[in-house]
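Single-structure report; data block below.
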Amino acid sequence: MSGETRLEIKQRLGLIGYNIDKEYEHIHVTPEICAKCPHYFCTYACPAQCFTLVEGRLVYRYEDCVECGTCDIACDQGSVKWTYPRGGFGVKYKFG
Amino acid sequence: MNEEKFDCIVVGAGLAGCTAAIRLARSGLTTLLIERSERAGEKNLSGGVIWGHDLDEIVPGWWKDGPIERFIDKKRLTFLSADSAFSIDFQSAAWAKEPYNGFSVLRARFDEWLAKKAEEAGATLVCGMTIRKLHRENGRVCGVVGIEETDIIKSDAVIIADGANSRLALEAGLRSQIKQAPPGRSRRKKDDPSYLGDTVDPHWMAIGIKEVVKLPKGVIEDRFALDGNSGLANEMVLGFLSKNGIKAGASLYTNLESVSLNLVIDMPSLKKAAGAKKGLYSYEIIEDLREHPYVASLLRGGEVVEYGAHLIPEGGIKMMPKLYGPGVMVTGDAAGLCFSNGIMLEGMNYAVVSGKFAADTVIQAKKKGDFSTASLSAYQQMLESSFVMKDLRRFKDVDKVTWNERMHHVYPELLAGVMKDMITERSQPKDKAKVILKRNLKKNKLGLFALLRDALSMGGKL
């Protein structure tokens with residue numbers, strides 16, 4: 001049965017409503033710090049796959065963020081800075 | 001510049017914020033309830049079951065008129081091993097009749113409804129506004145700073161109810177930054193160049209991930225043996241992540257026409273796994289859970305209709321910020337008011353109680369015309385004399401049981417092994433229970449002494 005009902009994270013993120021703020025990014029990272037990161041724990045911890053490694057380099061996107069704040073706590077290198085989006089922007093749950 | 005001054009500003013329209021706003025407005029205080037989402041409720045997410053009746057005095061009849069999903073009369077604790085499930089199942093007819101004991105809710109709907117109640121009580125609800133800063137005069141909080149720096153909204157007091165990630169409690173200096181400790185060090189020192197603010201134990205924040213799975217109402221009722229609008233709350237210990245060393249719990253709550261599947265991950269164990277090249281992605285673990293034979297059979301044919309996540313402030317009393325300062329108080333998740341002993345998971349009712357006490361403190365302070373730290377200390381006193389702080393203090397070490405390594409990585413397999421050995425028919429003479437237990441203890445590398453110690457620890461801390 002394994003794999004039959006499994007959904008890719010992108011499919012699941014597609015179920016969520018967002019009002020994306022094109023003028024303000026509420027996640028900031030410092031690439032120089034990330035370049036030296038020993039674990040890239042953010043890529044494991046973030047439930048919305050906002051942090052990924054592409055050819056060994058950390059890439060992030062704020063658009064899929066569900067505003068849980070996990071990355072803010074998970075990053076022990078002083079790189080990830082997360083805050084709330086501007087008013088009215090960001091994730092919109094139907095059920096919650 | 002807004003010249004209007006409110007008696008109280010409440011930031012965050014969740015359960016704590018709405019409760020406070022209703023209470024304040026009803027006693028005639030001018031109240032501004034500020035919410036950062038476009039529509040109240042749409043950023044709010046929890047497991048979620050509201051236990052008890054603390055909302056009764058805020059909105060009488062809320063569980064009859066409000067958008068609740070089901071009343072919970074069935075409770076189950078399940079230990080999931082790699083391919084098995086061992087459950088302790090309990091149901092009570094006493095919980096199946098009014099006034100009921102617990103209710104499953106979906107927060108986007110429930111909180112929108114509750115925010116409407118605050119408006120009906122006379123509070124002003126403003127949505128779509130993120131508050132990042134408090135306004136201070138002479139060292140006392142007396143308002144908030146709106147979108148522009150010059151956009152100051154004044155009030156006698158501010159109640160912070162902006163959730164688990166509370167930026168305002170940080171800004172108010174009531175809470176320190178919660179950060180993972182860097183490798184090899186438990187805490188950062190202030191003279192460390194990478195100092196990020198005071199760090200606290202990341203054990204205190206667990207990652208909550210949720211999927212709402214749609215199923216027809218009739219199927220839910222038949223499959224879970226529910227009568228009418230009754231419901232099941234099923235907590236789980238996930239033993240199947242033992243090979244990765246990841247500790248996690250889960251819960252499954254029945255709604256009217258959907259099931260909430262919730263995963264709770266212990267962050268340090270997830271990090272340790274990543275460091276040991278056995279890492280799993282948090283968003284894949286919930287799929288592993290949904291595909292576990294036990295969960296898969298319960299959700300068969302269901303359609304995932306929503307995905308989301310939320311931090312859970314599990315640290316209780318150990319992570320609690322200062323609850324008040326001059327002109328300001330912290331409530332709900334922002335105050336770390338959350339309780340979990342593995343069987344009972346409470347947060348929403350604690351939020352309600354704290355919102356109520358914060359409002360009552362403001363009402364008293366208004367009468368005295370005194371919003372000083374000393375005056376607002378009444379808030380802490382009210383909480384201390386209630387079940388909320390008594391629970392949190394009494395169960396302060398409960399994490400040693402709920403996040404005990406063996407609870408997650410040994411006992412689920414041990415229980416499954418014992419049950420399989422007792423029940424699997426091998427057309428061979430059966431072993432006595434004592435022999436089976438001994439064999440499984442050995443297989444799981446668990447000594448009788450450790451078992452006894454855990455039993456005592458559970459007895460003492462649970």
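Following the order of the structure tokens, first chain is A, next is B, and so on, with residues numbered from 1 inside each chain and ligands from 1 in the order they appear.
These are the residues of region 7-90 of chain A assigned strand (DSSP E or B) by DSSP from backbone coordinates: Gly17, Tyr18, Asn19, Ile27, His28, Phe51, Thr52, Leu53, Val54, Arg57, Leu58, Val59, Tyr60, Lys81, Trp82 and Gly90 of chain A.
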Kindly assemble as a Markdown table a list of the chain B residues that lie within 7 Å of chain A, each paired with its nearest atom pair and their distance in Å to one decimal, using only C-alpha atoms, sorted first by chain and then by ascending residue number.
| residue | atom | partner | partner_atom | distance |
| --- | --- | --- | --- | --- |
| B:Arg36 | CA | A:Gly87 | CA | 4.7 |
| B:Ser37 | CA | A:Gly88 | CA | 4.7 |
| B:Glu38 | CA | A:Gly88 | CA | 4.4 |
| B:Glu42 | CA | A:Tyr93 | CA | 4.8 |
| B:Lys43 | CA | A:Lys92 | CA | 5.7 |
| B:Asn44 | CA | A:Gly96 | CA | 5.7 |
| B:Leu45 | CA | A:Gly96 | CA | 4.1 |
| B:Ser46 | CA | A:Gly96 | CA | 6.6 |
| B:Leu106 | CA | A:Phe95 | CA | 5.3 |
| B:Arg107 | CA | A:Gly96 | CA | 4.9 |
| B:Ala108 | CA | A:Gly96 | CA | 4.9 |
| B:Arg109 | CA | A:Phe95 | CA | 6.5 |
| B:Gly128 | CA | A:Gly88 | CA | 4.0 |
| B:Met129 | CA | A:Gly87 | CA | 4.1 |
| B:Thr130 | CA | A:Gly87 | CA | 4.5 |
| B:Asn165 | CA | A:Gly69 | CA | 6.3 |
| B:Ile178 | CA | A:Ile73 | CA | 5.9 |
| B:Lys179 | CA | A:Ile73 | CA | 4.4 |
| B:Gln180 | CA | A:Asp76 | CA | 5.2 |
| B:Ala181 | CA | A:Asp76 | CA | 6.0 |
| B:Pro182 | CA | A:Asp76 | CA | 5.1 |
| B:Ser194 | CA | A:Gly78 | CA | 6.4 |
| B:Leu196 | CA | A:Gly78 | CA | 6.7 |
| B:Ile207 | CA | A:Thr70 | CA | 6.7 |
| B:Ile209 | CA | A:Pro47 | CA | 7.0 |
| B:Lys271 | CA | A:Phe41 | CA | 6.1 |
| B:Ala274 | CA | A:Phe41 | CA | 6.6 |
| B:Gly275 | CA | A:His39 | CA | 5.9 |
| B:Leu280 | CA | A:Tyr44 | CA | 6.3 |
| B:Tyr281 | CA | A:Tyr44 | CA | 4.3 |
| B:Ser282 | CA | A:Ala45 | CA | 5.5 |
| B:Tyr283 | CA | A:Pro47 | CA | 4.9 |
| B:Glu287 | CA | A:Arg6 | CA | 6.0 |
| B:Glu291 | CA | A:Ser2 | CA | 6.4 |
| B:Val305 | CA | A:Leu15 | CA | 6.3 |
| B:Glu306 | CA | A:Leu15 | CA | 5.5 |
| B:Tyr307 | CA | A:Arg12 | CA | 5.9 |
| B:Gly308 | CA | A:Val66 | CA | 6.5 |
| B:Ala309 | CA | A:Cys68 | CA | 5.7 |
| B:His310 | CA | A:Cys68 | CA | 4.5 |
| B:Leu311 | CA | A:Cys68 | CA | 5.6 |
Could you please take those selected residues and save C-alpha atoms as a CSV table (one decimal), in the first residue's frame?
chain,number,residue,atom,x,y,z
B,36,ARG,CA,-3.0,40.4,11.2
B,37,SER,CA,-5.0,38.1,8.9
B,38,GLU,CA,-7.4,39.5,6.4
B,42,GLU,CA,-7.7,32.2,8.7
B,43,LYS,CA,-4.2,32.0,10.2
B,44,ASN,CA,-5.2,30.0,13.2
B,45,LEU,CA,-4.5,26.3,13.4
B,46,SER,CA,-4.6,23.7,16.2
B,106,LEU,CA,-11.5,23.7,13.1
B,107,ARG,CA,-10.0,27.0,14.0
B,108,ALA,CA,-10.5,29.0,10.8
B,109,ARG,CA,-14.2,28.7,11.3
B,128,GLY,CA,-5.1,42.9,8.1
B,129,MET,CA,-2.8,44.7,10.5
B,130,THR,CA,0.5,43.2,11.8
B,165,ASN,CA,5.8,32.9,17.9
B,178,ILE,CA,13.9,30.7,21.6
B,179,LYS,CA,16.7,29.2,19.6
B,180,GLN,CA,18.3,25.9,19.0
B,181,ALA,CA,21.6,25.8,20.9
B,182,PRO,CA,24.6,25.5,18.5
B,194,SER,CA,27.0,34.9,17.2
B,196,LEU,CA,21.2,36.0,19.1
B,207,ILE,CA,6.8,21.2,15.4
B,209,ILE,CA,2.1,19.5,11.3
B,271,LYS,CA,18.2,17.6,14.3
B,274,ALA,CA,19.9,15.1,10.4
B,275,GLY,CA,23.4,15.4,11.9
B,280,LEU,CA,13.9,12.8,7.7
B,281,TYR,CA,12.0,15.8,6.3
B,282,SER,CA,9.3,16.9,8.7
B,283,TYR,CA,6.8,17.1,5.8
B,287,GLU,CA,3.0,11.1,5.0
B,291,GLU,CA,0.6,5.5,5.3
B,305,VAL,CA,-8.0,19.0,1.7
B,306,GLU,CA,-5.6,21.1,3.8
B,307,TYR,CA,-2.1,21.1,5.0
B,308,GLY,CA,-0.6,23.3,7.7
B,309,ALA,CA,1.8,23.7,10.6
B,310,HIS,CA,2.1,25.4,13.9
B,311,LEU,CA,4.6,25.5,16.7
DSSP on the backbone: which residues in region 142-175 of chain B end up as alpha helix (DSSP H)? Give the answer as a PDB file with N, CA and C atoms, in the first residue's frame.
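Here's the written file part.pdb:
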ATOM      1  N   ARG B 167       5.854  37.831  18.625  1.00  0.00           N
ATOM      2  CA  ARG B 167       6.889  38.828  18.372  1.00  0.00           C
ATOM      3  C   ARG B 167       6.764  39.959  19.384  1.00  0.00           C
ATOM      4  N   LEU B 168       5.534  40.183  19.853  1.00  0.00           N
ATOM      5  CA  LEU B 168       5.322  41.306  20.761  1.00  0.00           C
ATOM      6  C   LEU B 168       5.843  41.014  22.164  1.00  0.00           C
ATOM      7  N   ALA B 169       5.737  39.756  22.602  1.00  0.00           N
ATOM      8  CA  ALA B 169       6.287  39.408  23.916  1.00  0.00           C
ATOM      9  C   ALA B 169       7.801  39.597  23.895  1.00  0.00           C
ATOM     10  N   LEU B 170       8.407  39.314  22.742  1.00  0.00           N
ATOM     11  CA  LEU B 170       9.839  39.555  22.564  1.00  0.00           C
ATOM     12  C   LEU B 170      10.125  41.047  22.622  1.00  0.00           C
ATOM     13  N   GLU B 171       9.339  41.781  21.844  1.00  0.00           N
ATOM     14  CA  GLU B 171       9.545  43.226  21.738  1.00  0.00           C
ATOM     15  C   GLU B 171       9.334  43.891  23.097  1.00  0.00           C
TER      16      GLU B 171
END
So how far away is CA of Ala13 (chain B) from CA of Asn349 (chain B), in Å? 14.8 Å
What is the CA of Tyr60 (chain A) to CA of Ala161 (chain B) distance in Å?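 Distance between the two atoms: 28.9 Å.
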